[in-house]
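Chemist: Below you'll find upload.cif; it's mmCIF, C-alpha atoms and all ligand atoms.
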```
data_model
loop_
_atom_site.label_atom_id
_atom_site.label_comp_id
_atom_site.auth_asym_id
_atom_site.auth_seq_id
_atom_site.Cartn_x
_atom_site.Cartn_y
_atom_site.Cartn_z
CA MET H 26 -7.43 82.53 91.63
CA ALA H 27 -5.75 80.23 94.06
CA SER H 28 -3.10 79.17 91.62
CA GLN H 29 -1.52 82.60 91.70
CA ALA H 30 1.24 81.35 93.89
CA TYR H 31 3.21 84.16 95.44
CA ALA H 32 1.01 86.82 93.85
CA GLY H 33 -1.25 86.22 96.83
CA ALA H 34 1.20 87.98 99.08
CA GLY H 35 2.09 90.71 96.63
CA ARG H 36 -1.53 91.44 95.90
CA TYR H 37 -2.15 92.95 99.30
CA CYS H 38 -2.87 96.63 99.07
CA GLY H 39 -3.69 97.83 102.59
CA PRO H 40 -1.89 100.93 103.77
CA ALA H 41 -0.48 99.59 107.04
CA SER H 42 1.03 96.54 105.46
CA ARG H 43 2.23 98.32 102.39
CA VAL H 44 4.55 100.18 104.71
CA ARG H 45 5.66 96.95 106.28
CA ALA H 46 6.06 95.23 102.93
CA SER H 47 8.14 98.02 101.52
CA GLY H 48 10.26 98.00 104.66
CA ARG H 49 10.78 94.32 104.22
CA LEU H 50 11.54 94.75 100.55
CA ALA H 51 13.81 97.70 101.18
CA GLY H 52 16.20 95.38 102.96
CA LYS H 53 16.31 93.17 99.95
CA LEU H 54 16.70 96.16 97.68
CA ARG H 55 20.01 97.00 99.23
CA ALA H 56 21.16 93.49 98.61
CA SER H 57 19.82 92.75 95.20
CA ALA H 58 18.96 94.46 91.97
CA GLN H 59 16.27 91.88 91.44
CA ALA H 60 14.30 93.44 94.28
CA THR H 61 14.20 96.72 92.38
CA THR H 62 12.33 94.93 89.65
CA LEU H 63 9.95 93.40 92.17
CA ILE H 64 9.15 96.78 93.73
CA GLY H 65 8.65 98.19 90.26
CA LEU H 66 6.16 95.45 89.49
CA LEU H 67 4.29 95.92 92.75
CA VAL H 68 3.98 99.67 92.26
CA ALA H 69 2.91 99.24 88.64
CA GLY H 70 0.52 96.55 89.78
CA THR H 71 -1.40 98.84 92.10
CA ALA H 72 -2.71 100.75 89.08
CA SER H 73 -4.27 97.68 87.48
CA ALA H 74 -7.84 96.64 88.15
CA GLU H 75 -6.92 93.51 90.02
CA GLU H 76 -4.64 95.42 92.33
CA ALA H 77 -7.14 98.19 93.15
CA HIS H 78 -7.02 98.83 96.86
CA TRP H 79 -10.04 97.61 98.80
CA SER H 80 -10.71 97.02 102.46
CA TYR H 81 -13.43 96.19 104.96
CA SER H 82 -14.11 99.72 106.20
CA GLY H 83 -14.12 103.38 105.23
CA GLU H 84 -13.79 104.80 101.74
CA THR H 85 -12.59 101.53 100.23
CA GLY H 86 -15.01 99.41 102.28
CA PRO H 87 -17.67 96.97 101.02
CA GLU H 88 -20.30 99.62 100.18
CA HIS H 89 -17.80 101.24 97.78
CA TRP H 90 -16.22 98.17 96.20
CA GLY H 91 -18.39 98.46 93.07
CA GLU H 92 -17.14 102.00 92.42
CA LEU H 93 -13.43 101.38 92.94
CA THR H 94 -12.72 100.04 89.47
CA GLU H 95 -14.64 98.69 86.50
CA ALA H 96 -13.47 95.19 87.30
CA PHE H 97 -15.31 95.37 90.65
CA GLU H 98 -18.68 96.53 89.20
CA ARG H 99 -20.44 93.31 90.12
CA CYS H 100 -19.86 94.10 93.80
CA GLY H 101 -22.23 97.03 93.34
CA ASP H 102 -24.76 95.92 90.72
CA GLY H 103 -24.80 92.12 91.17
CA ARG H 104 -28.13 90.45 91.95
CA ASN H 105 -26.72 87.17 93.26
CA GLN H 106 -24.17 88.34 95.77
CA SER H 107 -22.70 86.64 98.84
CA PRO H 108 -22.79 86.37 101.77
CA ILE H 109 -26.48 86.18 102.73
CA ASN H 110 -28.59 85.40 105.75
CA LEU H 111 -29.49 81.72 105.50
CA ALA H 112 -33.12 81.85 106.57
CA ASP H 113 -36.50 80.89 105.08
CA ARG H 114 -35.02 77.76 103.60
CA VAL H 115 -36.68 75.35 101.21
CA GLU H 116 -36.46 71.62 101.84
CA ALA H 117 -34.96 69.77 98.92
CA GLU H 118 -33.33 66.50 98.01
CA LEU H 119 -29.73 67.65 98.13
CA GLY H 120 -27.27 65.12 96.83
CA SER H 121 -24.47 63.71 98.88
CA VAL H 122 -21.14 65.46 99.12
CA ARG H 123 -17.83 63.69 99.52
CA PHE H 124 -14.55 65.24 100.54
CA ASP H 125 -11.26 63.73 99.44
CA TYR H 126 -8.93 66.42 100.68
CA GLY H 127 -6.05 64.07 101.39
CA THR H 128 -2.93 65.26 103.15
CA GLY H 129 -0.75 68.32 102.78
CA ILE H 130 -0.90 72.04 102.08
CA GLN H 131 1.72 74.04 100.21
CA SER H 132 1.92 77.24 102.23
CA VAL H 133 -0.03 79.74 104.29
CA VAL H 134 -0.16 83.38 103.22
CA ASN H 135 -1.41 86.46 105.05
CA ASN H 136 -2.46 88.83 102.24
CA GLY H 137 -3.91 91.44 104.59
CA HIS H 138 -7.48 90.51 103.60
CA THR H 139 -7.37 86.98 104.99
CA VAL H 140 -5.11 84.08 105.90
CA LYS H 141 -5.10 81.60 103.08
CA ALA H 142 -3.70 78.09 102.75
CA ARG H 143 -2.71 77.02 99.27
CA VAL H 144 -3.43 73.41 98.44
CA GLY H 145 -1.55 71.18 96.03
CA SER H 146 -3.20 69.10 93.35
CA GLY H 147 -5.23 66.03 94.16
CA ALA H 148 -7.57 67.38 96.86
CA GLU H 149 -11.18 67.33 95.69
CA MET H 150 -14.86 67.38 96.54
CA THR H 151 -17.62 65.50 94.73
CA VAL H 152 -21.17 66.82 94.95
CA ASN H 153 -23.93 64.96 93.09
CA GLY H 154 -21.23 63.13 91.17
CA HIS H 155 -19.66 66.41 89.99
CA ARG H 156 -15.99 66.84 90.83
CA PHE H 157 -14.39 70.05 92.03
CA ALA H 158 -10.71 70.46 92.86
CA LEU H 159 -9.85 72.22 96.13
CA GLU H 160 -7.59 75.19 95.37
CA GLN H 161 -7.28 77.05 98.66
CA PHE H 162 -9.01 77.74 101.92
CA HIS H 163 -9.11 80.87 104.04
CA PHE H 164 -10.92 82.46 106.96
CA HIS H 165 -13.15 85.36 107.97
CA ALA H 166 -13.95 86.70 111.45
CA PRO H 167 -16.69 87.25 112.35
CA SER H 168 -18.53 84.95 109.94
CA GLU H 169 -19.82 86.32 106.63
CA HIS H 170 -22.99 84.25 106.34
CA GLN H 171 -25.66 84.39 108.97
CA VAL H 172 -27.92 81.52 109.97
CA GLN H 173 -31.32 82.82 111.07
CA GLY H 174 -29.78 86.25 111.43
CA GLU H 175 -26.98 85.07 113.72
CA TYR H 176 -23.26 85.44 113.10
CA PHE H 177 -20.65 82.89 114.10
CA ASP H 178 -17.19 83.74 115.48
CA MET H 179 -15.32 82.68 112.38
CA GLU H 180 -16.01 81.19 108.96
CA GLY H 181 -13.75 79.06 106.77
CA HIS H 182 -14.10 79.08 102.98
CA PHE H 183 -12.88 76.10 100.97
CA VAL H 184 -12.65 77.31 97.37
CA HIS H 185 -13.00 74.74 94.58
CA ALA H 186 -13.14 74.82 90.79
CA ASP H 187 -14.36 72.17 88.37
CA ALA H 188 -12.70 71.32 85.04
CA ASP H 189 -14.59 74.18 83.33
CA GLY H 190 -13.61 76.74 85.96
CA ASN H 191 -16.99 76.82 87.74
CA LEU H 192 -16.48 77.72 91.38
CA ALA H 193 -17.90 76.01 94.45
CA VAL H 194 -17.21 77.26 97.97
CA VAL H 195 -17.76 75.10 101.04
CA THR H 196 -18.27 77.02 104.25
CA VAL H 197 -17.45 75.84 107.76
CA MET H 198 -18.79 77.84 110.69
CA PHE H 199 -16.65 78.10 113.80
CA GLU H 200 -18.01 78.92 117.24
CA GLU H 201 -16.20 79.44 120.49
CA GLY H 202 -15.82 76.35 122.63
CA ASP H 203 -13.17 73.65 122.84
CA ALA H 204 -9.97 74.32 120.90
CA SER H 205 -9.71 72.76 117.46
CA PRO H 206 -6.53 70.66 117.11
CA ALA H 207 -6.59 71.18 113.31
CA VAL H 208 -6.88 74.96 113.63
CA GLY H 209 -4.13 74.88 116.25
CA GLN H 210 -1.82 73.02 113.88
CA LEU H 211 -2.63 75.36 110.98
CA TRP H 212 -2.15 78.50 113.09
CA GLN H 213 1.42 77.40 113.80
CA ALA H 214 2.10 78.29 110.17
CA MET H 215 -0.01 81.47 110.19
CA PRO H 216 2.01 84.56 109.22
CA MET H 217 1.05 87.37 111.58
CA GLU H 218 2.24 90.10 109.21
CA ALA H 219 0.32 91.07 106.08
CA GLY H 220 2.33 90.27 102.97
CA ALA H 221 4.07 87.30 104.53
CA GLU H 222 3.94 83.71 103.38
CA ARG H 223 5.09 80.65 105.29
CA THR H 224 5.44 76.99 104.71
CA LEU H 225 4.94 74.70 107.63
CA GLU H 226 7.65 72.12 108.19
CA ASP H 227 5.04 69.48 108.82
CA ALA H 228 2.52 70.94 106.35
CA ARG H 229 2.81 67.74 104.42
CA GLY H 230 1.10 66.04 107.32
CA PHE H 231 -1.73 68.55 107.69
CA ARG H 232 -5.12 67.22 106.64
CA PRO H 233 -7.48 69.99 105.46
CA GLY H 234 -10.40 67.59 105.95
CA ASP H 235 -9.76 67.72 109.71
CA LEU H 236 -11.18 71.27 109.66
CA LEU H 237 -14.58 69.97 108.52
CA PRO H 238 -17.36 68.94 110.93
CA GLU H 239 -18.35 65.31 111.35
CA ASP H 240 -21.81 65.84 109.86
CA LYS H 241 -21.65 66.99 106.23
CA ALA H 242 -25.31 68.14 105.90
CA TYR H 243 -25.43 71.52 104.18
CA TYR H 244 -27.40 74.53 102.97
CA ARG H 245 -27.06 75.26 99.26
CA TYR H 246 -27.58 78.42 97.22
CA ASN H 247 -26.08 80.32 94.28
CA GLY H 248 -23.99 83.39 95.02
CA SER H 249 -20.72 85.15 94.39
CA LEU H 250 -17.21 85.61 95.67
CA THR H 251 -17.44 87.66 98.87
CA THR H 252 -14.38 89.73 97.94
CA PRO H 253 -13.73 91.86 94.83
CA PRO H 254 -14.34 91.24 91.97
CA CYS H 255 -17.45 89.58 93.51
CA SER H 256 -17.87 87.29 90.48
CA GLU H 257 -21.23 85.50 90.39
CA GLY H 258 -22.10 81.92 89.44
CA VAL H 259 -20.56 80.48 92.59
CA LEU H 260 -22.14 77.38 94.13
CA TRP H 261 -22.25 77.70 97.92
CA LEU H 262 -22.46 74.75 100.27
CA VAL H 263 -22.67 75.88 103.89
CA LEU H 264 -22.08 73.02 106.30
CA LYS H 265 -24.72 73.13 109.03
CA GLU H 266 -22.73 71.72 111.92
CA PRO H 267 -20.38 74.30 113.43
CA VAL H 268 -16.89 73.36 114.56
CA THR H 269 -15.60 74.67 117.89
CA VAL H 270 -12.47 76.77 118.27
CA SER H 271 -11.09 78.32 121.44
CA GLY H 272 -11.32 82.02 122.16
CA SER H 273 -7.57 82.32 121.85
CA GLN H 274 -7.61 80.59 118.46
CA VAL H 275 -10.12 83.17 117.20
CA GLY H 276 -8.06 85.87 118.90
CA LEU H 277 -4.86 84.86 117.16
CA PHE H 278 -6.54 85.03 113.75
CA ARG H 279 -7.98 88.46 114.56
CA GLU H 280 -4.52 89.58 115.59
CA ALA H 281 -3.18 88.46 112.19
CA MET H 282 -5.87 90.71 110.68
CA ASP H 283 -4.65 93.65 112.79
CA ASN H 284 -7.82 93.20 114.89
CA ASN H 285 -10.02 94.35 112.01
CA ASP H 286 -13.14 92.43 110.97
CA ASN H 287 -12.70 90.84 107.54
CA ASN H 288 -16.30 89.98 106.71
CA ARG H 289 -18.49 91.50 104.01
CA PRO H 290 -22.00 92.43 105.23
CA VAL H 291 -24.88 90.16 104.19
CA GLN H 292 -26.28 90.98 100.75
CA PRO H 293 -29.87 91.13 99.44
CA ARG H 294 -31.17 87.70 98.65
CA ASN H 295 -33.47 88.86 95.83
CA ALA H 296 -35.21 85.92 94.11
CA ARG H 297 -32.84 83.22 95.29
CA ALA H 298 -33.79 80.10 97.17
CA VAL H 299 -31.75 78.57 99.97
CA MET H 300 -32.14 74.79 99.95
CA GLU H 301 -31.52 72.35 102.74
ZN ZN I 1 -13.88 83.95 101.79
#
```
Mind converting the file's structure to structure tokens?

Modeler:
Amino acid sequence: MASQAYAGAGRYCGPASRVRASGRLAGKLRASAQATTLIGLLVAGTASAEEAHWSYSGETGPEHWGELTEAFERCGDGRNQSPINLADRVEAELGSVRFDYGTGIQSVVNNGHTVKARVGSGAEMTVNGHRFALEQFHFHAPSEHQVQGEYFDMEGHFVHADADGNLAVVTVMFEEGDASPAVGQLWQAMPMEAGAERTLEDARGFRPGDLLPEDKAYYRYNGSLTTPPCSEGVLWLVLKEPVTVSGSQVGLFREAMDNNDNNRPVQPRNARAVME
């Protein structure tokens, strides 16, 4: 999912940015025949399941995701969906988690659904001795998960996969307060236009681990991707300690999202336990 390099930018399907993207591509079209092929692929791509248009409101909003295409069915009929309200938790002996995120990100893409940083190889997390490689991280505002029914201003998702392709997402909650130097550095590379991708000159020096809180205590439950295709079997670790960001840092992210919320509503918990 994260390894789809530039596809991340091309995958965006929102109407506003499609206009922008085609405008951007139109310039290239005049210059190069190669661009014709690219436009052809993008148009053809919109018909495929993976490219089905979805959004956070209206007729293609979260309550309709499951009906948009067969590939998104789990969004409608899944029983272990994310996000959820993290309440009524069960105390458990949760193993330790270690983050070895190292230094450097490859690029930052605005795909119209979120702003996502792609991470090179080598960054990983170990939970209970089980290793997961960090593939990408991205943001939602307001938060997707609730804690005791309360939303946070922003939520970061660090998406990992183990050697067998099992997914684990680590969540960081952001609340308004002092500015975050790490967020500030990352936002310098944030493309404000959907469909755009940027590399940061000093991205090699950016440390994704600086976005994490000091205290690594977490809530744990089993859920799904919070965006189509809403695949289940995802291990969620929600870090308890929020990180502060300034109002203008949240504001800049919201601006990159055209001032639209990009959070899926909380889903039924059904029989699942939330451990802490
Ligand atoms: Zn997410």

Chemist: Within 8 Å of ligand ZN 1 (chain I), which residues of chain H show up? Give each one with its shortest atom-to-atom distance in Å (one decimal) and the two atoms involved, counting all atoms listed in the file, rows by chain then rising residue number, as a tab-separated table.

Modeler:
```
residue	atom	partner	partner_atom	distance
H:Thr139	CA	I:ZN1	ZN	7.9
H:Phe162	CA	I:ZN1	ZN	7.9
H:His163	CA	I:ZN1	ZN	6.1
H:Phe164	CA	I:ZN1	ZN	6.1
H:His165	CA	I:ZN1	ZN	6.4
H:Glu180	CA	I:ZN1	ZN	8.0
H:Gly181	CA	I:ZN1	ZN	7.0
H:His182	CA	I:ZN1	ZN	5.0
H:Phe183	CA	I:ZN1	ZN	8.0
H:Leu250	CA	I:ZN1	ZN	7.2
H:Thr251	CA	I:ZN1	ZN	5.9
H:Thr252	CA	I:ZN1	ZN	7.0
```

Chemist: How many Å separate CA of Tyr243 (chain H) from CA of Phe177 (chain H)?

Modeler: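 Value for the CA of Tyr243 (chain H)-CA of Phe177 (chain H) distance: 15.8 Å.
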
Chemist: Pick out the closest residue to Glu218 (chain H) from this set: H:Glu88, H:Glu257, H:Asp283, H:Glu98. Count only C-alpha atoms.

Modeler: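 Smallest distance to Glu218 (chain H) is found for H:Asp283.
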
Chemist: Can you list, as a tab-separated table (two decimals) with C-alpha atoms, in the frame of the given file, every protein, DNA or RNA residue that comes within 9 Å of Ala296 (chain H) when you count only C-alpha atoms, leaving out same-chain residues fewer than 2 positions away?

Modeler:
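Okay, selection_35.tsv is ready:
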```tsv
chain	number	residue	atom	x	y	z
H	104	ARG	CA	-28.13	90.45	91.95
H	105	ASN	CA	-26.72	87.17	93.26
H	294	ARG	CA	-31.17	87.70	98.65
H	298	ALA	CA	-33.79	80.10	97.17
```

Chemist: Of the candidates H:Gln173, H:Asn287, H:Thr94, H:Ser107, which one gets nearest to His78 (chain H) if we count all atoms listed in the file?

Modeler: H:Thr94

Chemist: Compare H:Ala77, H:Val172, H:Leu211, H:Met217 by their minimum atom-to-atom distance to Arg114 (chain H), counting all atoms listed in the file, and give me the closest one.

Modeler: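 Nearest candidate to Arg114 (chain H) out of H:Ala77, H:Val172, H:Leu211, H:Met217: H:Val172.
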
Chemist: Give me region 143-160 of chain H with N, CA and C atoms filled in, as a PDB file, in the frame of the given file.

Modeler:
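Below you can see rebuild.pdb, which holds the result:
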```pdb
ATOM      1  N   ARG H 143      -2.697  77.504 100.648  1.00  0.00           N
ATOM      2  CA  ARG H 143      -2.710  77.020  99.270  1.00  0.00           C
ATOM      3  C   ARG H 143      -2.549  75.502  99.286  1.00  0.00           C
ATOM      4  N   VAL H 144      -3.357  74.864  98.441  1.00  0.00           N
ATOM      5  CA  VAL H 144      -3.430  73.410  98.440  1.00  0.00           C
ATOM      6  C   VAL H 144      -2.837  72.882  97.143  1.00  0.00           C
ATOM      7  N   GLY H 145      -2.110  71.792  97.230  1.00  0.00           N
ATOM      8  CA  GLY H 145      -1.550  71.180  96.030  1.00  0.00           C
ATOM      9  C   GLY H 145      -2.606  70.426  95.243  1.00  0.00           C
ATOM     10  N   SER H 146      -2.221  69.799  94.170  1.00  0.00           N
ATOM     11  CA  SER H 146      -3.200  69.100  93.350  1.00  0.00           C
ATOM     12  C   SER H 146      -3.602  67.793  94.016  1.00  0.00           C
ATOM     13  N   GLY H 147      -4.773  67.317  93.662  1.00  0.00           N
ATOM     14  CA  GLY H 147      -5.230  66.030  94.160  1.00  0.00           C
ATOM     15  C   GLY H 147      -6.357  66.116  95.165  1.00  0.00           C
ATOM     16  N   ALA H 148      -6.486  67.241  95.896  1.00  0.00           N
ATOM     17  CA  ALA H 148      -7.570  67.380  96.860  1.00  0.00           C
ATOM     18  C   ALA H 148      -8.850  67.730  96.107  1.00  0.00           C
ATOM     19  N   GLU H 149      -9.935  67.023  96.411  1.00  0.00           N
ATOM     20  CA  GLU H 149     -11.180  67.330  95.690  1.00  0.00           C
ATOM     21  C   GLU H 149     -12.425  67.023  96.484  1.00  0.00           C
ATOM     22  N   MET H 150     -13.532  67.588  95.960  1.00  0.00           N
ATOM     23  CA  MET H 150     -14.860  67.380  96.540  1.00  0.00           C
ATOM     24  C   MET H 150     -15.757  66.893  95.410  1.00  0.00           C
ATOM     25  N   THR H 151     -16.661  65.970  95.726  1.00  0.00           N
ATOM     26  CA  THR H 151     -17.620  65.500  94.730  1.00  0.00           C
ATOM     27  C   THR H 151     -19.025  65.770  95.271  1.00  0.00           C
ATOM     28  N   VAL H 152     -19.800  66.554  94.532  1.00  0.00           N
ATOM     29  CA  VAL H 152     -21.170  66.820  94.950  1.00  0.00           C
ATOM     30  C   VAL H 152     -22.095  66.402  93.807  1.00  0.00           C
ATOM     31  N   ASN H 153     -23.042  65.536  94.113  1.00  0.00           N
ATOM     32  CA  ASN H 153     -23.930  64.960  93.090  1.00  0.00           C
ATOM     33  C   ASN H 153     -23.137  64.383  91.927  1.00  0.00           C
ATOM     34  N   GLY H 154     -22.041  63.747  92.215  1.00  0.00           N
ATOM     35  CA  GLY H 154     -21.230  63.130  91.170  1.00  0.00           C
ATOM     36  C   GLY H 154     -20.366  64.090  90.386  1.00  0.00           C
ATOM     37  N   HIS H 155     -20.434  65.385  90.704  1.00  0.00           N
ATOM     38  CA  HIS H 155     -19.660  66.410  89.990  1.00  0.00           C
ATOM     39  C   HIS H 155     -18.407  66.743  90.790  1.00  0.00           C
ATOM     40  N   ARG H 156     -17.248  66.660  90.118  1.00  0.00           N
ATOM     41  CA  ARG H 156     -15.990  66.840  90.830  1.00  0.00           C
ATOM     42  C   ARG H 156     -15.459  68.266  90.789  1.00  0.00           C
ATOM     43  N   PHE H 157     -15.034  68.739  91.913  1.00  0.00           N
ATOM     44  CA  PHE H 157     -14.390  70.050  92.030  1.00  0.00           C
ATOM     45  C   PHE H 157     -13.039  69.871  92.730  1.00  0.00           C
ATOM     46  N   ALA H 158     -12.023  70.520  92.213  1.00  0.00           N
ATOM     47  CA  ALA H 158     -10.710  70.460  92.860  1.00  0.00           C
ATOM     48  C   ALA H 158     -10.599  71.559  93.909  1.00  0.00           C
ATOM     49  N   LEU H 159     -10.086  71.222  95.084  1.00  0.00           N
ATOM     50  CA  LEU H 159      -9.850  72.220  96.130  1.00  0.00           C
ATOM     51  C   LEU H 159      -8.601  73.016  95.770  1.00  0.00           C
ATOM     52  N   GLU H 160      -8.734  74.343  95.722  1.00  0.00           N
ATOM     53  CA  GLU H 160      -7.590  75.190  95.370  1.00  0.00           C
ATOM     54  C   GLU H 160      -6.951  75.844  96.592  1.00  0.00           C
TER      55      GLU H 160
END
```
